[in-house]
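Enquirer: This is start.pdb (PDB, C-alpha atoms and all ligand atoms).
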ATOM      1  CA  MET A   1       8.572  12.984  -6.529
ATOM      2  CA  ARG A   2       8.463  11.040  -9.792
ATOM      3  CA  ARG A   3       5.385  10.783 -11.962
ATOM      4  CA  LEU A   4       5.137   8.110 -14.643
ATOM      5  CA  VAL A   5       2.166   8.232 -17.022
ATOM      6  CA  LEU A   6       1.569   4.936 -18.826
ATOM      7  CA  SER A   7      -0.808   4.036 -21.625
ATOM      8  CA  SER A   8      -2.935   1.506 -19.710
ATOM      9  CA  PRO A   9      -3.467  -0.222 -16.353
ATOM     10  CA  SER A  10      -1.377  -3.177 -17.537
ATOM     11  CA  ALA A  11       1.437  -0.788 -18.473
ATOM     12  CA  VAL A  12       1.151   0.750 -14.982
ATOM     13  CA  ALA A  13       1.515  -2.712 -13.447
ATOM     14  CA  ALA A  14       4.528  -3.495 -15.646
ATOM     15  CA  ALA A  15       6.266  -0.199 -14.846
ATOM     16  CA  ALA A  16       5.712  -0.669 -11.102
ATOM     17  CA  ALA A  17       6.867  -4.302 -11.297
ATOM     18  CA  GLU A  18      10.059  -3.254 -13.064
ATOM     19  CA  GLU A  19      10.815  -0.518 -10.560
ATOM     20  CA  PHE A  20      10.133  -2.813  -7.609
ATOM     21  CA  ALA A  21      12.148  -5.725  -9.043
ATOM     22  CA  ARG A  22      15.081  -3.435  -9.722
ATOM     23  CA  ALA A  23      14.983  -1.983  -6.199
ATOM     24  CA  ALA A  24      14.594  -5.400  -4.563
ATOM     25  CA  ALA A  25      17.400  -6.954  -6.621
ATOM     26  CA  GLY A  26      19.734  -4.133  -5.659
ATOM     27  CA  ALA A  27      18.971  -4.146  -1.946
ATOM     28  CA  ARG A  28      20.897  -5.958   0.804
ATOM     29  CA  GLY A  29      19.454  -7.660   3.889
ATOM     30  CA  ARG A  30      15.792  -7.903   4.787
ATOM     31  CA  LEU A  31      13.252  -6.034   2.672
ATOM     32  CA  ARG A  32      10.035  -4.999   4.365
ATOM     33  CA  VAL A  33       7.144  -4.242   2.035
ATOM     34  CA  ALA A  34       3.653  -2.898   2.759
ATOM     35  CA  LEU A  35       1.091  -4.073   0.211
ATOM     36  CA  SER A  36      -1.881  -1.983  -0.799
ATOM     37  CA  GLY A  37      -5.425  -3.254  -1.036
ATOM     38  CA  GLY A  38      -8.262  -2.461  -3.412
ATOM     39  CA  ARG A  39      -8.511  -3.558  -7.027
ATOM     40  CA  THR A  40      -5.649  -1.727  -8.768
ATOM     41  CA  PRO A  41      -2.625  -3.597  -7.368
ATOM     42  CA  ARG A  42      -3.928  -7.091  -8.219
ATOM     43  CA  ALA A  43      -2.480  -6.888 -11.747
ATOM     44  CA  LEU A  44       0.890  -5.859 -10.297
ATOM     45  CA  TYR A  45       0.908  -8.732  -7.795
ATOM     46  CA  GLU A  46      -0.020 -11.265 -10.484
ATOM     47  CA  LEU A  47       2.756  -9.925 -12.715
ATOM     48  CA  LEU A  48       5.365 -10.130  -9.947
ATOM     49  CA  ALA A  49       4.436 -13.764  -9.302
ATOM     50  CA  ASP A  50       4.250 -14.730 -12.979
ATOM     51  CA  PRO A  51       7.129 -17.115 -13.818
ATOM     52  CA  GLY A  52       6.831 -16.052 -17.474
ATOM     53  CA  ALA A  53       7.332 -12.342 -16.729
ATOM     54  CA  PRO A  54      10.772 -10.715 -16.258
ATOM     55  CA  TYR A  55      10.360  -9.831 -12.578
ATOM     56  CA  ARG A  56       9.866 -12.877 -10.347
ATOM     57  CA  PHE A  57      13.313 -14.383 -10.783
ATOM     58  CA  ARG A  58      15.020 -11.053 -10.020
ATOM     59  CA  ILE A  59      13.449 -10.611  -6.593
ATOM     60  CA  PRO A  60      15.047 -12.201  -3.462
ATOM     61  CA  TRP A  61      11.733 -13.458  -2.096
ATOM     62  CA  ASP A  62      13.442 -15.219   0.818
ATOM     63  CA  ARG A  63      14.532 -11.823   2.144
ATOM     64  CA  LEU A  64      11.154 -10.115   1.873
ATOM     65  CA  ALA A  65       8.668  -9.573   4.703
ATOM     66  CA  PHE A  66       5.130  -8.545   3.837
ATOM     67  CA  PHE A  67       2.797  -6.175   5.640
ATOM     68  CA  TRP A  68      -0.319  -4.287   4.567
ATOM     69  CA  SER A  69      -0.885  -0.546   4.162
ATOM     70  CA  ASP A  70      -4.367  -1.174   5.492
ATOM     71  CA  GLU A  71      -6.844  -3.955   6.067
ATOM     72  CA  ARG A  72     -10.560  -4.347   6.489
ATOM     73  CA  CYS A  73     -11.647  -5.904   9.798
ATOM     74  CA  VAL A  74     -12.917  -9.117   8.216
ATOM     75  CA  PRO A  75     -11.617 -12.715   8.301
ATOM     76  CA  PRO A  76      -8.649 -13.467   6.023
ATOM     77  CA  GLY A  77     -10.838 -15.520   3.693
ATOM     78  CA  HIS A  78     -13.463 -12.787   3.294
ATOM     79  CA  PRO A  79     -13.912 -11.363  -0.240
ATOM     80  CA  ASP A  80     -13.155  -7.858   1.119
ATOM     81  CA  SER A  81      -9.880  -8.903   2.763
ATOM     82  CA  ASN A  82      -6.791  -7.177   1.374
ATOM     83  CA  TYR A  83      -4.779 -10.105   2.708
ATOM     84  CA  ARG A  84      -6.923 -12.544   0.702
ATOM     85  CA  MET A  85      -6.353 -10.585  -2.523
ATOM     86  CA  ALA A  86      -2.572 -10.499  -2.028
ATOM     87  CA  GLU A  87      -2.516 -14.166  -0.955
ATOM     88  CA  GLU A  88      -4.383 -15.216  -4.110
ATOM     89  CA  ALA A  89      -2.499 -12.962  -6.557
ATOM     90  CA  LEU A  90       1.017 -13.086  -5.092
ATOM     91  CA  LEU A  91       1.915 -14.855  -1.869
ATOM     92  CA  SER A  92       0.389 -18.272  -2.589
ATOM     93  CA  ARG A  93       2.469 -18.422  -5.780
ATOM     94  CA  LEU A  94       5.834 -17.666  -4.169
ATOM     95  CA  PRO A  95       8.288 -19.367  -1.758
ATOM     96  CA  VAL A  96       7.364 -16.984   1.068
ATOM     97  CA  PRO A  97       7.473 -18.550   4.561
ATOM     98  CA  PRO A  98       4.399 -17.871   6.745
ATOM     99  CA  ALA A  99       6.598 -16.074   9.298
ATOM    100  CA  ALA A 100       7.340 -13.452   6.636
ATOM    101  CA  VAL A 101       3.661 -12.580   6.245
ATOM    102  CA  HIS A 102       2.458 -10.071   8.835
ATOM    103  CA  ARG A 103      -1.307 -10.052   8.522
ATOM    104  CA  VAL A 104      -3.566  -7.586  10.290
ATOM    105  CA  LYS A 105      -5.850  -9.698  12.485
ATOM    106  CA  GLY A 106      -9.024  -8.475  10.823
ATOM    107  CA  GLU A 107     -10.924 -11.510  12.056
ATOM    108  CA  LEU A 108     -10.952 -10.008  15.555
ATOM    109  CA  GLY A 109     -13.625  -7.627  14.246
ATOM    110  CA  ASP A 110     -12.337  -5.140  16.833
ATOM    111  CA  SER A 111     -10.321  -2.503  14.968
ATOM    112  CA  ASP A 112      -8.817  -1.068  18.174
ATOM    113  CA  GLU A 113      -7.417  -4.446  19.240
ATOM    114  CA  ALA A 114      -6.346  -5.338  15.691
ATOM    115  CA  ALA A 115      -4.518  -1.994  15.364
ATOM    116  CA  ARG A 116      -2.814  -2.498  18.746
ATOM    117  CA  LEU A 117      -1.623  -5.972  17.785
ATOM    118  CA  TYR A 118      -0.484  -4.782  14.351
ATOM    119  CA  GLU A 119       1.521  -1.932  15.846
ATOM    120  CA  ARG A 120       3.099  -4.375  18.324
ATOM    121  CA  ASP A 121       4.054  -6.625  15.380
ATOM    122  CA  LEU A 122       5.533  -3.649  13.521
ATOM    123  CA  LEU A 123       7.582  -2.562  16.530
ATOM    124  CA  ARG A 124       8.853  -6.111  17.017
ATOM    125  CA  GLU A 125       9.756  -6.606  13.345
ATOM    126  CA  PHE A 126      11.493  -3.237  12.974
ATOM    127  CA  GLY A 127      12.919  -3.047  16.491
ATOM    128  CA  GLY A 128      11.201   0.321  16.751
ATOM    129  CA  PRO A 129       8.901   2.486  14.619
ATOM    130  CA  PRO A 130       8.575   0.997  11.106
ATOM    131  CA  ALA A 131      10.635   2.318   8.200
ATOM    132  CA  PHE A 132       9.413   0.239   5.289
ATOM    133  CA  ASP A 133      11.704  -0.324   2.358
ATOM    134  CA  TRP A 134       8.752  -0.085   0.021
ATOM    135  CA  VAL A 135       5.092   0.887   0.460
ATOM    136  CA  PHE A 136       2.477   0.384  -2.231
ATOM    137  CA  LEU A 137      -0.541   2.677  -2.038
ATOM    138  CA  GLY A 138      -3.694   3.372  -4.018
ATOM    139  CA  LEU A 139      -5.777   6.514  -4.271
ATOM    140  CA  GLY A 140      -9.501   6.852  -3.760
ATOM    141  CA  ALA A 141     -11.617   9.303  -5.755
ATOM    142  CA  ASP A 142     -12.105  11.209  -2.479
ATOM    143  CA  GLY A 143      -8.355  11.580  -2.025
ATOM    144  CA  HIS A 144      -7.963   8.850   0.589
ATOM    145  CA  THR A 145      -5.068   6.422   0.659
ATOM    146  CA  ALA A 146      -4.717   3.256   2.676
ATOM    147  CA  SER A 147      -7.635   3.761   5.070
ATOM    148  CA  LEU A 148      -6.797   7.391   5.754
ATOM    149  CA  PHE A 149     -10.124   8.885   4.730
ATOM    150  CA  PRO A 150     -10.828  12.652   4.707
ATOM    151  CA  GLY A 151     -12.170  13.945   8.020
ATOM    152  CA  LEU A 152     -11.211  10.892  10.097
ATOM    153  CA  SER A 153      -8.976  11.215  13.157
ATOM    154  CA  ALA A 154      -6.481   8.617  11.908
ATOM    155  CA  VAL A 155      -5.325  11.215   9.342
ATOM    156  CA  HIS A 156      -4.095  13.399  12.213
ATOM    157  CA  GLU A 157      -2.327  10.625  14.157
ATOM    158  CA  THR A 158       1.227  11.737  14.832
ATOM    159  CA  LYS A 159       2.531   9.049  17.182
ATOM    160  CA  LYS A 160       1.010   5.659  16.459
ATOM    161  CA  THR A 161       2.077   3.847  13.315
ATOM    162  CA  ALA A 162      -1.134   1.827  13.019
ATOM    163  CA  ALA A 163      -4.597   3.135  13.795
ATOM    164  CA  PRO A 164      -8.177   1.875  13.903
ATOM    165  CA  VAL A 165     -10.686   3.395  11.487
ATOM    166  CA  TRP A 166     -14.475   3.405  11.290
ATOM    167  CA  ASN A 167     -15.690   4.562   7.885
ATOM    168  CA  ASP A 168     -19.349   5.323   8.443
ATOM    169  CA  ALA A 169     -20.112   5.834   4.740
ATOM    170  CA  LEU A 170     -18.728   2.391   3.924
ATOM    171  CA  LYS A 171     -19.900   0.899   7.241
ATOM    172  CA  SER A 172     -16.406  -0.557   7.373
ATOM    173  CA  LYS A 173     -14.005  -1.134  10.289
ATOM    174  CA  ARG A 174     -10.402  -0.956   9.217
ATOM    175  CA  VAL A 175      -6.808  -0.789  10.403
ATOM    176  CA  THR A 176      -4.440   1.556   8.598
ATOM    177  CA  LEU A 177      -0.819   2.592   8.610
ATOM    178  CA  THR A 178      -0.661   6.206   9.692
ATOM    179  CA  LEU A 179       1.208   9.101   8.084
ATOM    180  CA  PRO A 180       4.195   8.734  10.445
ATOM    181  CA  ALA A 181       4.601   5.151   9.193
ATOM    182  CA  LEU A 182       4.049   6.008   5.525
ATOM    183  CA  ASN A 183       6.384   9.009   5.605
ATOM    184  CA  ALA A 184       9.169   7.012   7.256
ATOM    185  CA  ALA A 185       9.321   4.664   4.261
ATOM    186  CA  LYS A 186      12.306   4.642   1.933
ATOM    187  CA  THR A 187      10.016   4.429  -1.114
ATOM    188  CA  VAL A 188       6.277   5.022  -1.502
ATOM    189  CA  ALA A 189       4.708   3.986  -4.818
ATOM    190  CA  PHE A 190       1.146   4.982  -5.718
ATOM    191  CA  LEU A 191      -0.607   3.022  -8.453
ATOM    192  CA  VAL A 192      -3.624   4.942  -9.782
ATOM    193  CA  CYS A 193      -5.732   4.045 -12.800
ATOM    194  CA  GLY A 194      -9.015   5.241 -14.260
ATOM    195  CA  ALA A 195     -10.730   8.500 -15.190
ATOM    196  CA  ASP A 196     -12.697   8.402 -11.931
ATOM    197  CA  LYS A 197      -9.424   9.159 -10.104
ATOM    198  CA  ALA A 198      -8.355  12.046 -12.397
ATOM    199  CA  GLU A 199      -9.628  14.867 -10.169
ATOM    200  CA  ALA A 200      -8.170  13.262  -7.043
ATOM    201  CA  VAL A 201      -4.836  12.900  -8.874
ATOM    202  CA  ARG A 202      -4.905  16.546  -9.945
ATOM    203  CA  LEU A 203      -5.671  17.768  -6.418
ATOM    204  CA  THR A 204      -3.171  15.396  -4.791
ATOM    205  CA  LEU A 205      -0.330  16.365  -7.133
ATOM    206  CA  GLU A 206      -1.095  20.000  -7.938
ATOM    207  CA  ASP A 207      -2.956  21.488  -4.968
ATOM    208  CA  ALA A 208      -1.529  22.331  -1.571
ATOM    209  CA  PRO A 209      -1.318  19.281   0.736
ATOM    210  CA  SER A 210      -4.432  19.033   2.896
ATOM    211  CA  PRO A 211      -5.961  16.625   5.437
ATOM    212  CA  LEU A 212      -9.055  16.856   3.241
ATOM    213  CA  ARG A 213      -7.007  14.897   0.709
ATOM    214  CA  PRO A 214      -4.954  12.554   2.931
ATOM    215  CA  ALA A 215      -2.931  11.141   0.029
ATOM    216  CA  SER A 216      -1.475  14.638  -0.464
ATOM    217  CA  LEU A 217       0.133  14.375   2.992
ATOM    218  CA  VAL A 218       2.174  11.318   1.985
ATOM    219  CA  ARG A 219       5.601  12.845   1.515
ATOM    220  CA  PRO A 220       8.280  10.344   2.596
ATOM    221  CA  ALA A 221      11.225  12.044   4.299
ATOM    222  CA  SER A 222      13.503  10.046   1.981
ATOM    223  CA  GLY A 223      11.896  11.899  -0.909
ATOM    224  CA  ASN A 224      11.378   8.707  -2.897
ATOM    225  CA  LEU A 225       7.732   9.081  -3.934
ATOM    226  CA  ILE A 226       6.562   7.644  -7.230
ATOM    227  CA  PHE A 227       3.154   7.963  -8.910
ATOM    228  CA  PHE A 228       2.422   5.292 -11.509
ATOM    229  CA  LEU A 229      -0.579   6.661 -13.420
ATOM    230  CA  ASP A 230      -2.445   5.540 -16.477
ATOM    231  CA  GLU A 231      -3.421   8.223 -19.025
ATOM    232  CA  ALA A 232      -7.002   8.315 -17.788
ATOM    233  CA  ALA A 233      -5.981   8.998 -14.188
ATOM    234  CA  ALA A 234      -3.471  11.620 -15.377
ATOM    235  CA  SER A 235      -5.929  13.275 -17.778
ATOM    236  CA  ARG A 236      -6.575  16.367 -15.612
ATOM    237  CA  LEU A 237      -2.986  17.174 -14.758
ATOM    238  CA  SER A 238      -1.952  20.593 -15.999
ATOM    239  CA  ARG A 239       1.545  19.554 -17.094
TER     240      ARG A 239
HETATM  241  C1  LIG A 301      -8.405  -0.379   0.407
HETATM  242  C2  LIG A 301      -7.207   0.365  -0.088
HETATM  243  C3  LIG A 301      -7.625   1.715  -0.586
HETATM  244  C4  LIG A 301      -7.443   1.659  -2.093
HETATM  245  C5  LIG A 301      -8.117   2.820  -2.776
HETATM  246  C6  LIG A 301      -8.102   2.599  -4.302
HETATM  247  O1  LIG A 301      -8.289  -1.119   1.385
HETATM  248  O2  LIG A 301      -9.431  -0.242  -0.265
HETATM  249  O3  LIG A 301      -6.178   0.405   0.708
HETATM  250  O4  LIG A 301      -6.896   2.788  -0.077
HETATM  251  O5  LIG A 301      -6.055   1.650  -2.397
HETATM  252  O6  LIG A 301      -9.459   2.884  -2.316
HETATM  253  O7  LIG A 301      -8.803   1.402  -4.538
HETATM  254  P1  LIG A 301      -8.889   0.771  -6.017
HETATM  255  O8  LIG A 301      -7.497   0.333  -6.372
HETATM  256  O9  LIG A 301      -9.838  -0.398  -5.865
HETATM  257  O10 LIG A 301      -9.405   1.862  -6.928
END
Translate the structure of the given file into structure tokens.

Expert:
Amino acid sequence: MRRLVLSSPSAVAAAAAEEFARAAAGARGRLRVALSGGRTPRALYELLADPGAPYRFRIPWDRLAFFWSDERCVPPGHPDSNYRMAEEALLSRLPVPPAAVHRVKGELGDSDEAARLYERDLLREFGGPPAFDWVFLGLGADGHTASLFPGLSAVHETKKTAAPVWNDALKSKRVTLTLPALNAAKTVAFLVCGADKAEAVRLTLEDAPSPLRPASLVRPASGNLIFFLDEAAASRLSR
């Protein structure tokens, strides 16, 4: 596991963009990427798409296929849609063919059906269980990642690679990649910013892994796990 502590959220985005651009430039064949949702990754996506920044021209966009680490069960144009955020900040600004964008069908409103269709898409694209080249993730203050929230059954899924979620506190239906899918990835990169995440970062990185803190169970078999943290999010780490 690598931990990079940067001075600010924009420095976190730049460090993650550099690492991703370097990995993508050095890879051969198709690159399958799972994008995270939430607010944090928007700055990264905008930076990757920015023609004036030193990342866009290094990435073989025609060889990338895009998926999502999780999605809310809302239409693609809904303000809460993780697809919409990535489309606005990244995909709409790049030469990415529609066939390379594997959206979760949140508009169905039925998380079971959307999860089933997403898993079918994953199996078809990978020719078997997914092994993403790169997965971006965020971290919630409660220790969740993707839509793997503490106490929910999706955290304990050991066979499916996509699962439906009902978060009663958020009154939100979701579809999420499961731990088998996340831990089969070649690289998992967390981007975490803000003092409100500091305790979750400390517990995730320094306490024993626990289903009460699902992010702590993300340990890719490849061993390539990177935490991009700003100083505020890293402020409670002991070393
Ligand atoms: C989502 C994300 C979720 C997010 C964390 C952090 O759909 O909301 O997948 O897991 O990454 O909640 O969110 P912020 O980046 O907004 O703090």

Enquirer: Give as a PyMOL selection string every residue, naming chains and numbers as the document does, that has an atom within 7 Å of (-13.6, -9.9, 9.4), counting all atoms listed in the file.

Expert: chain A and resi 72-76+78+106-109

Enquirer: Would you please work out which residue, of A:Arg84, A:Arg174, A:Arg239, A:Lys186, is nearest to A:Arg219 when using all atoms listed in the file?

Expert: A:Lys186

Enquirer: Quick check, in Å to one decimal: how far apart do atom CA of A:Gly223 and atom CA of A:Phe126 lie?

Expert: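 One can read the atom CA of A:Gly223 to atom CA of A:Phe126 distance as 20.5 Å.
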
Enquirer: Could you please determine the separation between atom CA of A:Thr187 and atom CA of A:Phe132 in Å, to one decimal place?

Expert: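 A separation of 7.7 Å between them.
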
Enquirer: Pick out the closest residue to ligand LIG 301 (chain A) from this set: A:Arg93, A:Arg3, A:Arg22, A:Lys197. Count all atoms listed in the file.

Expert: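 Distance minimum relative to ligand LIG 301 (chain A) lands on A:Lys197.
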
Enquirer: Where atoms are absent from stretch 39-59 of chain A, fill them in so it carries N, CA, C and O atoms, then output it as a PDB file, in the coordinates of the input.

Expert:
ATOM      1  N   ARG A  39      -8.547  -2.790  -5.772  1.00  0.00           N
ATOM      2  CA  ARG A  39      -8.511  -3.558  -7.027  1.00  0.00           C
ATOM      3  C   ARG A  39      -7.226  -3.319  -7.845  1.00  0.00           C
ATOM      4  O   ARG A  39      -6.685  -4.225  -8.472  1.00  0.00           O
ATOM      5  N   THR A  40      -6.736  -2.092  -7.839  1.00  0.00           N
ATOM      6  CA  THR A  40      -5.649  -1.727  -8.768  1.00  0.00           C
ATOM      7  C   THR A  40      -4.410  -2.612  -8.664  1.00  0.00           C
ATOM      8  O   THR A  40      -3.895  -3.055  -9.684  1.00  0.00           O
ATOM      9  N   PRO A  41      -3.908  -2.889  -7.444  1.00  0.00           N
ATOM     10  CA  PRO A  41      -2.625  -3.597  -7.368  1.00  0.00           C
ATOM     11  C   PRO A  41      -2.684  -5.077  -7.740  1.00  0.00           C
ATOM     12  O   PRO A  41      -1.634  -5.707  -7.892  1.00  0.00           O
ATOM     13  N   ARG A  42      -3.884  -5.653  -7.909  1.00  0.00           N
ATOM     14  CA  ARG A  42      -3.928  -7.091  -8.219  1.00  0.00           C
ATOM     15  C   ARG A  42      -3.106  -7.433  -9.467  1.00  0.00           C
ATOM     16  O   ARG A  42      -2.332  -8.402  -9.472  1.00  0.00           O
ATOM     17  N   ALA A  43      -3.223  -6.605 -10.499  1.00  0.00           N
ATOM     18  CA  ALA A  43      -2.480  -6.888 -11.747  1.00  0.00           C
ATOM     19  C   ALA A  43      -0.970  -6.847 -11.501  1.00  0.00           C
ATOM     20  O   ALA A  43      -0.211  -7.660 -12.046  1.00  0.00           O
ATOM     21  N   LEU A  44      -0.539  -5.931 -10.647  1.00  0.00           N
ATOM     22  CA  LEU A  44       0.890  -5.859 -10.297  1.00  0.00           C
ATOM     23  C   LEU A  44       1.316  -7.132  -9.578  1.00  0.00           C
ATOM     24  O   LEU A  44       2.333  -7.750  -9.921  1.00  0.00           O
ATOM     25  N   TYR A  45       0.538  -7.549  -8.587  1.00  0.00           N
ATOM     26  CA  TYR A  45       0.908  -8.732  -7.795  1.00  0.00           C
ATOM     27  C   TYR A  45       0.978  -9.973  -8.701  1.00  0.00           C
ATOM     28  O   TYR A  45       1.893 -10.790  -8.595  1.00  0.00           O
ATOM     29  N   GLU A  46      -0.016 -10.099  -9.576  1.00  0.00           N
ATOM     30  CA  GLU A  46      -0.020 -11.265 -10.484  1.00  0.00           C
ATOM     31  C   GLU A  46       1.197 -11.251 -11.405  1.00  0.00           C
ATOM     32  O   GLU A  46       1.807 -12.292 -11.682  1.00  0.00           O
ATOM     33  N   LEU A  47       1.593 -10.056 -11.830  1.00  0.00           N
ATOM     34  CA  LEU A  47       2.756  -9.925 -12.715  1.00  0.00           C
ATOM     35  C   LEU A  47       4.050 -10.290 -11.977  1.00  0.00           C
ATOM     36  O   LEU A  47       4.909 -10.994 -12.496  1.00  0.00           O
ATOM     37  N   LEU A  48       4.157  -9.837 -10.740  1.00  0.00           N
ATOM     38  CA  LEU A  48       5.365 -10.130  -9.947  1.00  0.00           C
ATOM     39  C   LEU A  48       5.518 -11.637  -9.712  1.00  0.00           C
ATOM     40  O   LEU A  48       6.622 -12.167  -9.675  1.00  0.00           O
ATOM     41  N   ALA A  49       4.395 -12.313  -9.593  1.00  0.00           N
ATOM     42  CA  ALA A  49       4.436 -13.764  -9.302  1.00  0.00           C
ATOM     43  C   ALA A  49       4.544 -14.602 -10.573  1.00  0.00           C
ATOM     44  O   ALA A  49       4.873 -15.794 -10.507  1.00  0.00           O
ATOM     45  N   ASP A  50       4.313 -13.990 -11.715  1.00  0.00           N
ATOM     46  CA  ASP A  50       4.250 -14.730 -12.979  1.00  0.00           C
ATOM     47  C   ASP A  50       5.631 -15.253 -13.396  1.00  0.00           C
ATOM     48  O   ASP A  50       6.532 -14.458 -13.667  1.00  0.00           O
ATOM     49  N   PRO A  51       5.811 -16.573 -13.439  1.00  0.00           N
ATOM     50  CA  PRO A  51       7.129 -17.115 -13.818  1.00  0.00           C
ATOM     51  C   PRO A  51       7.512 -16.789 -15.259  1.00  0.00           C
ATOM     52  O   PRO A  51       8.676 -16.861 -15.639  1.00  0.00           O
ATOM     53  N   GLY A  52       6.537 -16.386 -16.078  1.00  0.00           N
ATOM     54  CA  GLY A  52       6.831 -16.052 -17.474  1.00  0.00           C
ATOM     55  C   GLY A  52       7.140 -14.583 -17.692  1.00  0.00           C
ATOM     56  O   GLY A  52       7.467 -14.158 -18.799  1.00  0.00           O
ATOM     57  N   ALA A  53       7.048 -13.780 -16.614  1.00  0.00           N
ATOM     58  CA  ALA A  53       7.332 -12.342 -16.729  1.00  0.00           C
ATOM     59  C   ALA A  53       8.731 -12.051 -16.166  1.00  0.00           C
ATOM     60  O   ALA A  53       9.261 -12.830 -15.371  1.00  0.00           O
ATOM     61  N   PRO A  54       9.347 -10.964 -16.613  1.00  0.00           N
ATOM     62  CA  PRO A  54      10.772 -10.715 -16.258  1.00  0.00           C
ATOM     63  C   PRO A  54      10.967 -10.068 -14.900  1.00  0.00           C
ATOM     64  O   PRO A  54      11.797  -9.168 -14.734  1.00  0.00           O
ATOM     65  N   TYR A  55      10.195 -10.481 -13.887  1.00  0.00           N
ATOM     66  CA  TYR A  55      10.360  -9.831 -12.578  1.00  0.00           C
ATOM     67  C   TYR A  55      10.626 -10.850 -11.472  1.00  0.00           C
ATOM     68  O   TYR A  55      11.530 -10.682 -10.669  1.00  0.00           O
ATOM     69  N   ARG A  56       9.846 -11.923 -11.465  1.00  0.00           N
ATOM     70  CA  ARG A  56       9.866 -12.877 -10.347  1.00  0.00           C
ATOM     71  C   ARG A  56      11.268 -13.357  -9.989  1.00  0.00           C
ATOM     72  O   ARG A  56      11.683 -13.345  -8.832  1.00  0.00           O
ATOM     73  N   PHE A  57      12.016 -13.726 -11.046  1.00  0.00           N
ATOM     74  CA  PHE A  57      13.313 -14.383 -10.783  1.00  0.00           C
ATOM     75  C   PHE A  57      14.369 -13.371 -10.314  1.00  0.00           C
ATOM     76  O   PHE A  57      15.444 -13.735  -9.861  1.00  0.00           O
ATOM     77  N   ARG A  58      14.043 -12.086 -10.421  1.00  0.00           N
ATOM     78  CA  ARG A  58      15.020 -11.053 -10.020  1.00  0.00           C
ATOM     79  C   ARG A  58      14.875 -10.658  -8.549  1.00  0.00           C
ATOM     80  O   ARG A  58      15.695  -9.928  -8.003  1.00  0.00           O
ATOM     81  N   ILE A  59      13.773 -11.099  -7.948  1.00  0.00           N
ATOM     82  CA  ILE A  59      13.449 -10.611  -6.593  1.00  0.00           C
ATOM     83  C   ILE A  59      13.851 -11.657  -5.554  1.00  0.00           C
ATOM     84  O   ILE A  59      13.488 -12.832  -5.682  1.00  0.00           O
TER      85      ILE A  59
END
